[in-house]
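**Q** Have a look at this one.
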Amino acid sequence: MEDPEKKTPEETAPEAASDNAEKETATVLEEKPAPAKEEDDFLDDVRAEEVSEKKAKKAAKEEAKKKAAEQKVEEEKAEAALHLAKEDQGNEDFKAIPAGAKGTYEYPEEHLAAIEAGRKAWNKDYKKWSVWKVVISIASLALIIAGWVIPSLVMKENAGSVPLYVALGCAVFAILVMLVYGAIQKKKGKEIIRDYFNVYYNNLNAYVFDGLEIENLRGDVDAKITKEEFTASGLFAKTTSVGSRENITFTYKGMDCALTDAASQEDTGNRGLRTTFVGKYLRTHNTFEGTDEGLVLYFKGNDRALPPAGLSSLNLLEEAKYFNIYGLAADKKKLTSEQLSALKSIDTGKLLVDVTVVIKPGKTYWYLGYEDTLMVLPNQDPFNPNYALVYKKQIAKILEIAAALN
């Protein structure tokens with residue numbers, strides 16, 4: 001009998017082939033998922049890279065925010081260092097002339113009294129034009145109503161559309177009258193405010209400069225300065241807008257001077273516009289023979305002070321309780337001990353909030369930061385002469401110091 005386990009090669013070949021085919025098929029079946037695995041691995045790598053990039057971007061943003069916050073803190077610290085402590089802040093005497101029972105004052109000088117008279121005249125004219133505007137408005141409304149009511153009462157049932165047409169005609173006439181009056185009032189309003197400004201500045205200058213060696217005074221309330229004139233010192237280079245009024249020129253002891261009321265702003269980006277200066281901007285001639293970089297002296301003030309942002313980029317030469325000096329040591333040596341002593345005598349307080357002095361060859365720029373009580377013209381309240389009294393003393397001192405540099 002044949003052994004069932006024994007088969008000829010011919011008989012076993014098909015079986016072997018079948019086994020091999022099954023093994024190959026099994027191998028193929030086992031290998032088929034491989035591409036899917038490779039694709040999953042690739043996608044996982046891509047996702048991991050994306051997550052890594054997102055994490056990196058997030059970390060970069062957080063780091064940028066952190067640096068911005070730190071920079072802001074440093075800027076605030078630097079600005080705080082340019083303000084005086086409460087106990088060191090000056091306090092000019094504003095109560096030299098006390099107010100009366102109704103808030104009025106006794107004026108010791110005719111020019112100060114003239115300012116108050118000008119304020120009263122302006123208020124009176126302004127109120128008069130405002131009253132007439134109200135009267136015309138009421139009269140116009142009454143005319144329109146009458147244009148409707150009277151034809152209706154007179155013509156009764158025969159009135160038809162007549163009241164409507166008459167009322168419309170009255171309305172058109174009333175509007176024209178109000179437009180004409182509005183244009184006249186606007187023009188007149190500009191005239192009376194300009195007259196008041198002229199009265200104020202002419203008398204203030206006459207009072208403040210009285211007794212000083214002032215000559216060749218020129219300029220009026222309409223005279224202004226350009227942004228280039230304001231930034232000529234190089235310290236307010238980022239200024240985007242400048243408002244000014246009453247730019248006057250004169251000589252003091254033969255020294256050329258220019259003085260104007262000014263206010264400046266700079267664009268800080270997301271934080272909008274930032275006020276950088278409000279006060280009196282004085283320019284005087286000098287005989288300084290230092291470099292074009294010049295010297296900068298900043299006299300610190302209270303929390304209302306506006307230290308120029310440009311100070312942080314300057315070389316700090318001397319840091320004192322009440323002032324800082326910036327620039328080159330060689331330039332500082334160009335000033336005599338008398339000139340330095342005169343400069344260091346500048347005082348700040350509640351009215352003269354802070355002072356920035358930029359000394360360049362041939363010209364000194366004085367940014368006198370004043371409080372609104374001096375810079376805003378009196379309107380509803382009586383003119384307080386005490387601020388003018390203090391300002392007179394301060395500008396006389398500043399001009400004398402300027403003359404020492406000339």
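Labels used: A, B, ... for chains in the order of the structure tokens, numbers from 1 for residues in each chain, and numbers from 1 for ligands as shown.
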List every residue of region 152-265 of chain A that has an atom at most 8 Å from any atom of region 392-406 of chain A, and for each one report the closest atom pair and its distance in Å to one decimal, counting only C-alpha atoms, with rows sorted by chain and then by increasing residue number, as a tab-separated table.

**A**
residue	atom	partner	partner_atom	distance
A:Tyr207	CA	A:Lys392	CA	7.7
A:Val208	CA	A:Lys392	CA	4.6
A:Phe209	CA	A:Lys392	CA	7.4
A:Leu212	CA	A:Ala396	CA	7.4
A:Tyr252	CA	A:Leu399	CA	7.4
A:Lys253	CA	A:Ala403	CA	7.5
A:Met255	CA	A:Ala403	CA	7.0

**Q** Which residues are near Phe383 (chain A)? Cut-off 10 Å, only C-alpha atoms, ignore same chain within fewer than 3 positions. Put them as a PyMOL selection string.

**A** chain A and resi 103-105+107+112-113+115-120+377-380+386-388

**Q** Write the residues of the selection above to a file with C-alpha atoms, as a PDB file, in the first residue's frame.

**A**
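Contents of selection-v9.pdb, freshly written:
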ATOM      1  CA  GLY A 103     -16.013 136.077  43.156  1.00  0.00           C
ATOM      2  CA  THR A 104     -14.980 139.475  41.819  1.00  0.00           C
ATOM      3  CA  TYR A 105     -11.571 141.078  42.263  1.00  0.00           C
ATOM      4  CA  TYR A 107      -7.608 145.079  40.120  1.00  0.00           C
ATOM      5  CA  LEU A 112      -5.661 144.021  34.444  1.00  0.00           C
ATOM      6  CA  ALA A 113      -8.939 145.904  34.877  1.00  0.00           C
ATOM      7  CA  ILE A 115      -8.931 142.516  30.652  1.00  0.00           C
ATOM      8  CA  GLU A 116     -11.948 142.040  32.928  1.00  0.00           C
ATOM      9  CA  ALA A 117     -13.817 144.807  31.084  1.00  0.00           C
ATOM     10  CA  GLY A 118     -13.074 143.034  27.802  1.00  0.00           C
ATOM     11  CA  ARG A 119     -14.344 139.750  29.196  1.00  0.00           C
ATOM     12  CA  LYS A 120     -17.602 141.372  30.320  1.00  0.00           C
ATOM     13  CA  LEU A 377      -8.836 132.868  28.615  1.00  0.00           C
ATOM     14  CA  PRO A 378     -11.403 133.684  31.331  1.00  0.00           C
ATOM     15  CA  ASN A 379     -14.961 133.146  30.144  1.00  0.00           C
ATOM     16  CA  GLN A 380     -17.853 132.855  32.591  1.00  0.00           C
ATOM     17  CA  ASN A 386      -3.140 136.456  40.567  1.00  0.00           C
ATOM     18  CA  TYR A 387      -1.950 134.228  37.718  1.00  0.00           C
ATOM     19  CA  ALA A 388      -0.880 137.299  35.740  1.00  0.00           C
TER      20      ALA A 388
END

**Q** When you look at region 168-182 of chain A with a cut-off of 12 Å (counting only C-alpha atoms), what residues show up, excluding the ones that are within fewer than 4 positions of it in the same chain? I need them as number ranges by chain.

**A** A: 129-130, 132-149, 161-164, 186-189

**Q** Pull the helix (DSSP H, G or I) assignments for region 234-403 of chain A out of DSSP run on the backbone, and list those residues as a ChimeraX atom specification.

**A** /A:269-271,309-313,329-332,337-344,372-375,386-403

**Q** Those selected residues, please, written with C-alpha atoms and delivered as a CSV table (one decimal), in the first residue's frame.

**A**
chain,number,residue,atom,x,y,z
A,269,GLY,CA,-0.3,104.7,17.4
A,270,ASN,CA,-3.0,102.6,19.1
A,271,ARG,CA,-3.1,105.0,22.1
A,309,ALA,CA,9.7,112.0,25.4
A,310,GLY,CA,13.0,112.8,23.6
A,311,LEU,CA,14.8,113.2,26.9
A,312,SER,CA,15.2,109.4,27.2
A,313,SER,CA,17.5,109.3,24.1
A,329,ALA,CA,30.4,117.4,29.0
A,330,ALA,CA,32.4,119.6,26.6
A,331,ASP,CA,29.3,121.7,25.8
A,332,LYS,CA,28.5,122.1,29.4
A,337,SER,CA,29.6,129.3,36.3
A,338,GLU,CA,27.4,132.4,36.4
A,339,GLN,CA,25.3,131.2,33.5
A,340,LEU,CA,24.9,127.7,35.0
A,341,SER,CA,24.0,129.3,38.3
A,342,ALA,CA,21.4,131.5,36.7
A,343,LEU,CA,19.8,128.5,34.8
A,344,LYS,CA,19.7,126.4,38.0
A,372,ASP,CA,-4.6,126.0,32.1
A,373,THR,CA,-5.4,128.7,34.5
A,374,LEU,CA,-3.0,131.0,32.6
A,375,MET,CA,-3.4,129.5,29.1
A,386,ASN,CA,-3.1,136.5,40.6
A,387,TYR,CA,-2.0,134.2,37.7
A,388,ALA,CA,-0.9,137.3,35.7
A,389,LEU,CA,1.0,138.6,38.8
A,390,VAL,CA,3.0,135.4,39.1
A,391,TYR,CA,3.6,135.2,35.3
A,392,LYS,CA,5.0,138.7,35.3
A,393,LYS,CA,7.6,137.8,37.8
A,394,GLN,CA,8.4,134.5,36.1
A,395,ILE,CA,8.8,135.9,32.5
A,396,ALA,CA,11.0,138.7,33.8
A,397,LYS,CA,13.3,136.1,35.5
A,398,ILE,CA,13.4,133.9,32.4
A,399,LEU,CA,14.3,136.8,30.1
A,400,GLU,CA,17.1,137.9,32.5
A,401,ILE,CA,18.5,134.4,32.5
A,402,ALA,CA,18.2,134.4,28.6
A,403,ALA,CA,20.1,137.6,28.6

**Q** I want to know what sits within 7 Å of region 282-286 of chain A, based on only C-alpha atoms, with residues of the same chain fewer than 3 positions away left out; could you give that as a PDB file with all heavy atoms, in the first residue's frame?

**A**
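The resulting around22.pdb:
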ATOM      1  N   MET A 255      18.518 141.890  22.804  1.00  0.00           N
ATOM      2  CA  MET A 255      18.503 140.475  22.415  1.00  0.00           C
ATOM      3  C   MET A 255      17.206 140.147  21.672  1.00  0.00           C
ATOM      4  O   MET A 255      16.107 140.465  22.130  1.00  0.00           O
ATOM      5  CB  MET A 255      18.609 139.613  23.683  1.00  0.00           C
ATOM      6  CG  MET A 255      18.447 138.123  23.471  1.00  0.00           C
ATOM      7  SD  MET A 255      18.541 137.187  25.030  1.00  0.00           S
ATOM      8  CE  MET A 255      17.107 137.842  25.921  1.00  0.00           C
ATOM      9  N   ASP A 256      17.326 139.496  20.515  1.00  0.00           N
ATOM     10  CA  ASP A 256      16.146 139.110  19.731  1.00  0.00           C
ATOM     11  C   ASP A 256      15.363 138.007  20.453  1.00  0.00           C
ATOM     12  O   ASP A 256      15.952 137.005  20.886  1.00  0.00           O
ATOM     13  CB  ASP A 256      16.555 138.606  18.347  1.00  0.00           C
ATOM     14  CG  ASP A 256      17.092 139.724  17.463  1.00  0.00           C
ATOM     15  OD1 ASP A 256      16.699 140.884  17.693  1.00  0.00           O
ATOM     16  OD2 ASP A 256      17.905 139.436  16.560  1.00  0.00           O
ATOM     17  N   CYS A 257      14.047 138.204  20.530  1.00  0.00           N
ATOM     18  CA  CYS A 257      13.183 137.229  21.220  1.00  0.00           C
ATOM     19  C   CYS A 257      11.907 136.997  20.421  1.00  0.00           C
ATOM     20  O   CYS A 257      11.479 137.853  19.635  1.00  0.00           O
ATOM     21  CB  CYS A 257      12.788 137.742  22.604  1.00  0.00           C
ATOM     22  SG  CYS A 257      14.157 138.192  23.678  1.00  0.00           S
ATOM     23  N   ALA A 258      11.298 135.842  20.636  1.00  0.00           N
ATOM     24  CA  ALA A 258       9.981 135.531  20.071  1.00  0.00           C
ATOM     25  C   ALA A 258       9.226 134.708  21.103  1.00  0.00           C
ATOM     26  O   ALA A 258       9.796 133.825  21.753  1.00  0.00           O
ATOM     27  CB  ALA A 258      10.115 134.760  18.767  1.00  0.00           C
ATOM     28  N   LEU A 259       7.936 135.002  21.254  1.00  0.00           N
ATOM     29  CA  LEU A 259       7.132 134.344  22.292  1.00  0.00           C
ATOM     30  C   LEU A 259       5.740 134.051  21.755  1.00  0.00           C
ATOM     31  O   LEU A 259       5.113 134.901  21.109  1.00  0.00           O
ATOM     32  CB  LEU A 259       7.025 135.251  23.517  1.00  0.00           C
ATOM     33  CG  LEU A 259       6.178 134.762  24.700  1.00  0.00           C
ATOM     34  CD1 LEU A 259       6.805 133.532  25.352  1.00  0.00           C
ATOM     35  CD2 LEU A 259       6.009 135.879  25.735  1.00  0.00           C
ATOM     36  N   THR A 260       5.250 132.834  22.005  1.00  0.00           N
ATOM     37  CA  THR A 260       3.907 132.463  21.554  1.00  0.00           C
ATOM     38  C   THR A 260       3.269 131.484  22.525  1.00  0.00           C
ATOM     39  O   THR A 260       3.958 130.764  23.250  1.00  0.00           O
ATOM     40  CB  THR A 260       3.952 131.824  20.150  1.00  0.00           C
ATOM     41  OG1 THR A 260       2.627 131.617  19.665  1.00  0.00           O
ATOM     42  CG2 THR A 260       4.662 130.469  20.175  1.00  0.00           C
ATOM     43  N   GLY A 362      23.662 129.875  18.929  1.00  0.00           N
ATOM     44  CA  GLY A 362      22.929 130.995  18.349  1.00  0.00           C
ATOM     45  C   GLY A 362      21.510 131.160  18.854  1.00  0.00           C
ATOM     46  O   GLY A 362      20.936 132.249  18.731  1.00  0.00           O
ATOM     47  N   LYS A 363      20.904 130.112  19.417  1.00  0.00           N
ATOM     48  CA  LYS A 363      19.508 130.243  19.859  1.00  0.00           C
ATOM     49  C   LYS A 363      19.197 129.326  21.041  1.00  0.00           C
ATOM     50  O   LYS A 363      19.653 128.178  21.094  1.00  0.00           O
ATOM     51  CB  LYS A 363      18.547 129.949  18.714  1.00  0.00           C
ATOM     52  CG  LYS A 363      17.077 130.190  19.057  1.00  0.00           C
ATOM     53  CD  LYS A 363      16.204 130.218  17.809  1.00  0.00           C
ATOM     54  CE  LYS A 363      16.360 131.525  17.066  1.00  0.00           C
ATOM     55  NZ  LYS A 363      15.349 131.698  15.994  1.00  0.00           N
ATOM     56  N   THR A 364      18.407 129.877  21.955  1.00  0.00           N
ATOM     57  CA  THR A 364      17.921 129.095  23.096  1.00  0.00           C
ATOM     58  C   THR A 364      16.418 128.940  22.970  1.00  0.00           C
ATOM     59  O   THR A 364      15.701 129.914  22.705  1.00  0.00           O
ATOM     60  CB  THR A 364      18.242 129.792  24.437  1.00  0.00           C
ATOM     61  OG1 THR A 364      19.634 130.102  24.490  1.00  0.00           O
ATOM     62  CG2 THR A 364      17.879 128.887  25.605  1.00  0.00           C
ATOM     63  N   TYR A 365      15.934 127.704  23.160  1.00  0.00           N
ATOM     64  CA  TYR A 365      14.505 127.398  23.067  1.00  0.00           C
ATOM     65  C   TYR A 365      13.986 127.115  24.473  1.00  0.00           C
ATOM     66  O   TYR A 365      14.479 126.228  25.164  1.00  0.00           O
ATOM     67  CB  TYR A 365      14.275 126.184  22.165  1.00  0.00           C
ATOM     68  CG  TYR A 365      14.860 126.343  20.775  1.00  0.00           C
ATOM     69  CD1 TYR A 365      16.192 125.964  20.514  1.00  0.00           C
ATOM     70  CD2 TYR A 365      14.110 126.861  19.726  1.00  0.00           C
ATOM     71  CE1 TYR A 365      16.741 126.106  19.249  1.00  0.00           C
ATOM     72  CE2 TYR A 365      14.655 127.004  18.461  1.00  0.00           C
ATOM     73  CZ  TYR A 365      15.965 126.628  18.222  1.00  0.00           C
ATOM     74  OH  TYR A 365      16.512 126.789  16.960  1.00  0.00           O
ATOM     75  N   TRP A 366      12.971 127.887  24.884  1.00  0.00           N
ATOM     76  CA  TRP A 366      12.405 127.766  26.222  1.00  0.00           C
ATOM     77  C   TRP A 366      10.969 127.252  26.116  1.00  0.00           C
ATOM     78  O   TRP A 366      10.092 127.955  25.615  1.00  0.00           O
ATOM     79  CB  TRP A 366      12.392 129.119  26.930  1.00  0.00           C
ATOM     80  CG  TRP A 366      13.701 129.836  26.943  1.00  0.00           C
ATOM     81  CD1 TRP A 366      14.265 130.532  25.919  1.00  0.00           C
ATOM     82  CD2 TRP A 366      14.611 129.941  28.051  1.00  0.00           C
ATOM     83  NE1 TRP A 366      15.460 131.066  26.297  1.00  0.00           N
ATOM     84  CE2 TRP A 366      15.709 130.726  27.613  1.00  0.00           C
ATOM     85  CE3 TRP A 366      14.596 129.476  29.364  1.00  0.00           C
ATOM     86  CZ2 TRP A 366      16.784 131.040  28.438  1.00  0.00           C
ATOM     87  CZ3 TRP A 366      15.672 129.786  30.186  1.00  0.00           C
ATOM     88  CH2 TRP A 366      16.747 130.551  29.727  1.00  0.00           C
ATOM     89  N   TYR A 367      10.727 126.030  26.576  1.00  0.00           N
ATOM     90  CA  TYR A 367       9.377 125.468  26.605  1.00  0.00           C
ATOM     91  C   TYR A 367       8.860 125.613  28.038  1.00  0.00           C
ATOM     92  O   TYR A 367       9.188 124.804  28.913  1.00  0.00           O
ATOM     93  CB  TYR A 367       9.393 124.009  26.171  1.00  0.00           C
ATOM     94  CG  TYR A 367       9.874 123.786  24.746  1.00  0.00           C
ATOM     95  CD1 TYR A 367      11.232 123.591  24.472  1.00  0.00           C
ATOM     96  CD2 TYR A 367       8.982 123.779  23.675  1.00  0.00           C
ATOM     97  CE1 TYR A 367      11.675 123.386  23.170  1.00  0.00           C
ATOM     98  CE2 TYR A 367       9.416 123.570  22.366  1.00  0.00           C
ATOM     99  CZ  TYR A 367      10.765 123.375  22.122  1.00  0.00           C
ATOM    100  OH  TYR A 367      11.196 123.181  20.834  1.00  0.00           O
ATOM    101  N   ALA A 402      17.953 134.436  30.085  1.00  0.00           N
ATOM    102  CA  ALA A 402      18.243 134.362  28.647  1.00  0.00           C
ATOM    103  C   ALA A 402      19.292 135.397  28.257  1.00  0.00           C
ATOM    104  O   ALA A 402      20.193 135.118  27.453  1.00  0.00           O
ATOM    105  CB  ALA A 402      16.969 134.562  27.845  1.00  0.00           C
ATOM    106  N   LEU A 405      22.796 134.395  28.843  1.00  0.00           N
ATOM    107  CA  LEU A 405      23.352 133.465  27.851  1.00  0.00           C
ATOM    108  C   LEU A 405      23.718 134.177  26.558  1.00  0.00           C
ATOM    109  O   LEU A 405      24.339 133.565  25.673  1.00  0.00           O
ATOM    110  CB  LEU A 405      22.342 132.359  27.534  1.00  0.00           C
ATOM    111  CG  LEU A 405      21.913 131.446  28.686  1.00  0.00           C
ATOM    112  CD1 LEU A 405      20.798 130.509  28.239  1.00  0.00           C
ATOM    113  CD2 LEU A 405      23.097 130.649  29.202  1.00  0.00           C
ATOM    114  N   ASN A 406      23.335 135.424  26.449  1.00  0.00           N
ATOM    115  CA  ASN A 406      23.528 136.155  25.190  1.00  0.00           C
ATOM    116  C   ASN A 406      24.870 136.914  25.177  1.00  0.00           C
ATOM    117  O   ASN A 406      25.116 137.730  26.031  1.00  0.00           O
ATOM    118  CB  ASN A 406      22.383 137.139  24.978  1.00  0.00           C
ATOM    119  CG  ASN A 406      22.383 137.719  23.588  1.00  0.00           C
ATOM    120  OD1 ASN A 406      22.719 137.034  22.643  1.00  0.00           O
ATOM    121  ND2 ASN A 406      22.030 138.978  23.473  1.00  0.00           N
TER     122      ASN A 406
END

**Q** Write out as an NGL selection string the residues lying within 8 Å of Ser264 (chain A), counting only C-alpha atoms and excluding same-chain residues fewer than 3 positions away.

**A** :A and (239-243 or 275-278)

**Q** Can you write out the residues you just picked, keeping all heavy atoms, as a compact mmCIF listing (two decimals), in the first residue's frame?

**A**
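Saved result, selection-v1.txt, follows:
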# COMPACT_ATOMS: atom_id res chain seq x y z
N THR A 239 6.49 115.33 16.91
CA THR A 239 5.27 116.15 16.94
C THR A 239 4.50 116.01 15.63
O THR A 239 5.07 116.12 14.54
CB THR A 239 5.62 117.63 17.18
OG1 THR A 239 6.26 117.75 18.45
CG2 THR A 239 4.37 118.50 17.16
N THR A 240 3.19 115.77 15.75
CA THR A 240 2.35 115.65 14.56
C THR A 240 1.50 116.89 14.32
O THR A 240 1.12 117.17 13.19
CB THR A 240 1.42 114.42 14.67
OG1 THR A 240 0.69 114.48 15.91
CG2 THR A 240 2.22 113.13 14.63
N SER A 241 1.18 117.63 15.39
CA SER A 241 0.38 118.83 15.22
C SER A 241 0.74 119.87 16.28
O SER A 241 1.08 119.52 17.40
CB SER A 241 -1.12 118.51 15.29
OG SER A 241 -1.45 118.03 16.59
N VAL A 242 0.66 121.14 15.87
CA VAL A 242 0.96 122.26 16.76
C VAL A 242 -0.12 123.32 16.60
O VAL A 242 -0.44 123.73 15.48
CB VAL A 242 2.33 122.88 16.46
CG1 VAL A 242 2.57 124.11 17.35
CG2 VAL A 242 3.44 121.87 16.67
N GLY A 243 -0.68 123.75 17.71
CA GLY A 243 -1.61 124.88 17.70
C GLY A 243 -0.94 126.05 18.39
O GLY A 243 -0.20 125.87 19.37
N THR A 275 -0.84 114.65 24.24
CA THR A 275 -0.42 116.04 24.40
C THR A 275 1.00 116.06 24.96
O THR A 275 1.30 115.41 25.96
CB THR A 275 -1.36 116.79 25.35
OG1 THR A 275 -2.68 116.78 24.80
CG2 THR A 275 -0.91 118.23 25.53
N THR A 276 1.89 116.79 24.29
CA THR A 276 3.30 116.81 24.69
C THR A 276 3.74 118.16 25.26
O THR A 276 4.78 118.24 25.91
CB THR A 276 4.20 116.46 23.49
OG1 THR A 276 3.86 117.31 22.38
CG2 THR A 276 3.99 115.01 23.08
N PHE A 277 2.96 119.21 25.01
CA PHE A 277 3.33 120.51 25.55
C PHE A 277 2.13 121.45 25.53
O PHE A 277 1.35 121.47 24.57
CB PHE A 277 4.46 121.15 24.73
CG PHE A 277 4.82 122.54 25.19
CD1 PHE A 277 5.57 122.73 26.33
CD2 PHE A 277 4.38 123.65 24.47
CE1 PHE A 277 5.89 124.02 26.76
CE2 PHE A 277 4.70 124.94 24.90
CZ PHE A 277 5.45 125.12 26.05
N VAL A 278 1.98 122.23 26.60
CA VAL A 278 1.01 123.32 26.67
C VAL A 278 1.67 124.44 27.45
O VAL A 278 2.08 124.23 28.61
CB VAL A 278 -0.30 122.90 27.38
CG1 VAL A 278 -1.24 124.11 27.50
CG2 VAL A 278 -1.00 121.78 26.63

**Q** Distance CA of Ala206 (chain A)-CA of Ala263 (chain A), one decimal place?

**A** 23.2 Å

**Q** Which one of A:Lys67, A:Lys156, A:Lys360, A:His83 sits closest to Ala232 (chain A) if you count only C-alpha atoms?

**A**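 Closest to Ala232 (chain A) of all the choices is A:Lys360.
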
**Q** Enumerate as a PyMOL selection string all residues of region 287-389 of chain A assigned to strand (DSSP E) by DSSP on the backbone, naming them with the chain letters and numbers the document uses.

**A** chain A and resi 295-299+316-319+323-326+352-360+363-370

**Q** Keeping only N, CA, C and O atoms, write those residues as a CSV table (one decimal), in the first residue's frame.

**A**
chain,number,residue,atom,x,y,z
A,295,LEU,N,22.9,121.6,24.6
A,295,LEU,CA,22.6,121.2,25.9
A,295,LEU,C,21.1,121.3,26.1
A,295,LEU,O,20.4,122.1,25.6
A,296,VAL,N,20.5,120.4,27.0
A,296,VAL,CA,19.1,120.4,27.4
A,296,VAL,C,19.0,120.3,28.9
A,296,VAL,O,19.7,119.5,29.5
A,297,LEU,N,18.3,121.3,29.4
A,297,LEU,CA,18.0,121.3,30.9
A,297,LEU,C,16.5,121.1,31.1
A,297,LEU,O,15.7,121.8,30.5
A,298,TYR,N,16.1,120.1,31.9
A,298,TYR,CA,14.7,119.9,32.2
A,298,TYR,C,14.5,120.1,33.7
A,298,TYR,O,15.1,119.5,34.5
A,299,PHE,N,13.6,121.0,34.0
A,299,PHE,CA,13.2,121.4,35.3
A,299,PHE,C,11.9,120.7,35.7
A,299,PHE,O,10.9,120.9,35.1
A,316,LEU,N,22.6,111.7,29.8
A,316,LEU,CA,22.4,112.4,31.0
A,316,LEU,C,23.7,112.8,31.7
A,316,LEU,O,24.5,112.0,32.1
A,317,LEU,N,23.9,114.1,31.8
A,317,LEU,CA,25.2,114.6,32.3
A,317,LEU,C,25.1,114.8,33.9
A,317,LEU,O,26.0,114.5,34.6
A,318,GLU,N,24.0,115.4,34.3
A,318,GLU,CA,23.8,115.7,35.7
A,318,GLU,C,22.4,115.5,36.1
A,318,GLU,O,21.4,115.9,35.4
A,319,GLU,N,22.2,114.8,37.2
A,319,GLU,CA,20.8,114.5,37.7
A,319,GLU,C,20.7,115.0,39.1
A,319,GLU,O,21.5,114.6,40.0
A,323,PHE,N,16.2,119.2,38.7
A,323,PHE,CA,16.5,119.3,37.3
A,323,PHE,C,17.4,118.3,36.8
A,323,PHE,O,18.2,117.7,37.6
A,324,ASN,N,17.5,118.0,35.5
A,324,ASN,CA,18.4,117.2,34.9
A,324,ASN,C,19.1,118.0,33.7
A,324,ASN,O,18.5,118.8,33.1
A,325,ILE,N,20.4,117.7,33.5
A,325,ILE,CA,21.1,118.3,32.4
A,325,ILE,C,21.6,117.2,31.4
A,325,ILE,O,22.1,116.2,31.8
A,326,TYR,N,21.3,117.4,30.1
A,326,TYR,CA,21.6,116.4,29.1
A,326,TYR,C,22.6,117.0,28.1
A,326,TYR,O,22.5,118.2,27.8
A,352,LEU,N,3.7,127.5,36.8
A,352,LEU,CA,4.7,127.1,35.9
A,352,LEU,C,5.1,125.6,36.2
A,352,LEU,O,5.9,125.4,37.1
A,353,VAL,N,4.4,124.7,35.5
A,353,VAL,CA,4.5,123.3,35.9
A,353,VAL,C,5.8,122.7,35.6
A,353,VAL,O,6.3,122.0,36.5
A,354,ASP,N,6.4,122.9,34.5
A,354,ASP,CA,7.8,122.4,34.2
A,354,ASP,C,8.4,123.3,33.1
A,354,ASP,O,7.7,124.1,32.4
A,355,VAL,N,9.7,123.2,33.0
A,355,VAL,CA,10.5,124.0,32.0
A,355,VAL,C,11.5,123.1,31.3
A,355,VAL,O,12.2,122.4,32.0
A,356,THR,N,11.6,123.3,30.0
A,356,THR,CA,12.6,122.6,29.2
A,356,THR,C,13.4,123.7,28.5
A,356,THR,O,12.8,124.5,27.8
A,357,VAL,N,14.7,123.7,28.7
A,357,VAL,CA,15.6,124.7,28.0
A,357,VAL,C,16.5,123.9,27.1
A,357,VAL,O,17.2,123.0,27.5
A,358,VAL,N,16.5,124.3,25.8
A,358,VAL,CA,17.4,123.7,24.8
A,358,VAL,C,18.3,124.8,24.3
A,358,VAL,O,17.9,125.7,23.7
A,359,ILE,N,19.6,124.6,24.6
A,359,ILE,CA,20.6,125.6,24.2
A,359,ILE,C,21.4,125.1,23.0
A,359,ILE,O,22.1,124.1,23.1
A,360,LYS,N,21.2,125.8,21.9
A,360,LYS,CA,21.9,125.5,20.6
A,360,LYS,C,22.8,126.7,20.2
A,360,LYS,O,22.5,127.8,20.7
A,363,LYS,N,20.9,130.1,19.4
A,363,LYS,CA,19.5,130.2,19.9
A,363,LYS,C,19.2,129.3,21.0
A,363,LYS,O,19.7,128.2,21.1
A,364,THR,N,18.4,129.9,22.0
A,364,THR,CA,17.9,129.1,23.1
A,364,THR,C,16.4,128.9,23.0
A,364,THR,O,15.7,129.9,22.7
A,365,TYR,N,15.9,127.7,23.2
A,365,TYR,CA,14.5,127.4,23.1
A,365,TYR,C,14.0,127.1,24.5
A,365,TYR,O,14.5,126.2,25.2
A,366,TRP,N,13.0,127.9,24.9
A,366,TRP,CA,12.4,127.8,26.2
A,366,TRP,C,11.0,127.3,26.1
A,366,TRP,O,10.1,128.0,25.6
A,367,TYR,N,10.7,126.0,26.6
A,367,TYR,CA,9.4,125.5,26.6
A,367,TYR,C,8.9,125.6,28.0
A,367,TYR,O,9.2,124.8,28.9
A,368,LEU,N,8.1,126.7,28.3
A,368,LEU,CA,7.6,127.0,29.6
A,368,LEU,C,6.2,126.3,29.8
A,368,LEU,O,5.2,126.9,29.3
A,369,GLY,N,6.1,125.2,30.4
A,369,GLY,CA,4.8,124.5,30.6
A,369,GLY,C,3.9,125.1,31.6
A,369,GLY,O,4.2,125.0,32.8
A,370,TYR,N,2.9,125.8,31.2
A,370,TYR,CA,2.0,126.5,32.1
A,370,TYR,C,0.7,125.8,32.3
A,370,TYR,O,0.2,125.1,31.4

**Q** Which residue out of A:Asp210, A:Leu306, A:Lys61, A:Thr291 has the minimum interatomic distance to Leu328 (chain A) when only C-alpha atoms are used?

**A** A:Thr291

**Q** Pick the closest to Thr251 (chain A) from A:Tyr196, A:Asp88, A:Ile214, A:Ile346: which is it, counting only C-alpha atoms?

**A**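 That would be A:Ile214, the residue with the smallest distance to Thr251 (chain A).
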
**Q** Please report the interatomic distance between CA of Trp122 (chain A) and CA of Asn202 (chain A) in Å with one decimal.

**A**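 So the answer is 15.4 Å.
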
**Q** Please provide as a list in words all residues within 10 Å of Asn198 (chain A), with the sequence filter that same-chain residues fewer than 2 positions apart are discarded (counting only C-alpha atoms).

**A**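 Close residues of Asn198 (chain A): Ile115, Gly118, Ile192, Ile193, Arg194, Asp195, Tyr196, Tyr200, Tyr201, Asn202, Asn203, Leu204, Asp220, Val221, Asp222 and Glu246 of chain A.
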
**Q** Could you write out that same residue set with C-alpha atoms as a CSV table (one decimal), in the first residue's frame?

**A**
chain,number,residue,atom,x,y,z
A,115,ILE,CA,-8.9,142.5,30.7
A,118,GLY,CA,-13.1,143.0,27.8
A,192,ILE,CA,-16.2,139.7,19.0
A,193,ILE,CA,-14.0,136.8,20.1
A,194,ARG,CA,-11.1,138.2,18.2
A,195,ASP,CA,-11.7,141.6,19.8
A,196,TYR,CA,-11.7,139.9,23.2
A,200,TYR,CA,-6.7,140.2,26.6
A,201,TYR,CA,-3.2,139.8,25.0
A,202,ASN,CA,-2.5,143.5,24.4
A,203,ASN,CA,-3.3,144.3,28.0
A,204,LEU,CA,-1.5,141.2,29.4
A,220,ASP,CA,-0.9,140.0,17.2
A,221,VAL,CA,-3.3,137.3,18.2
A,222,ASP,CA,-3.6,135.9,14.6
A,246,GLU,CA,-0.3,135.4,19.4
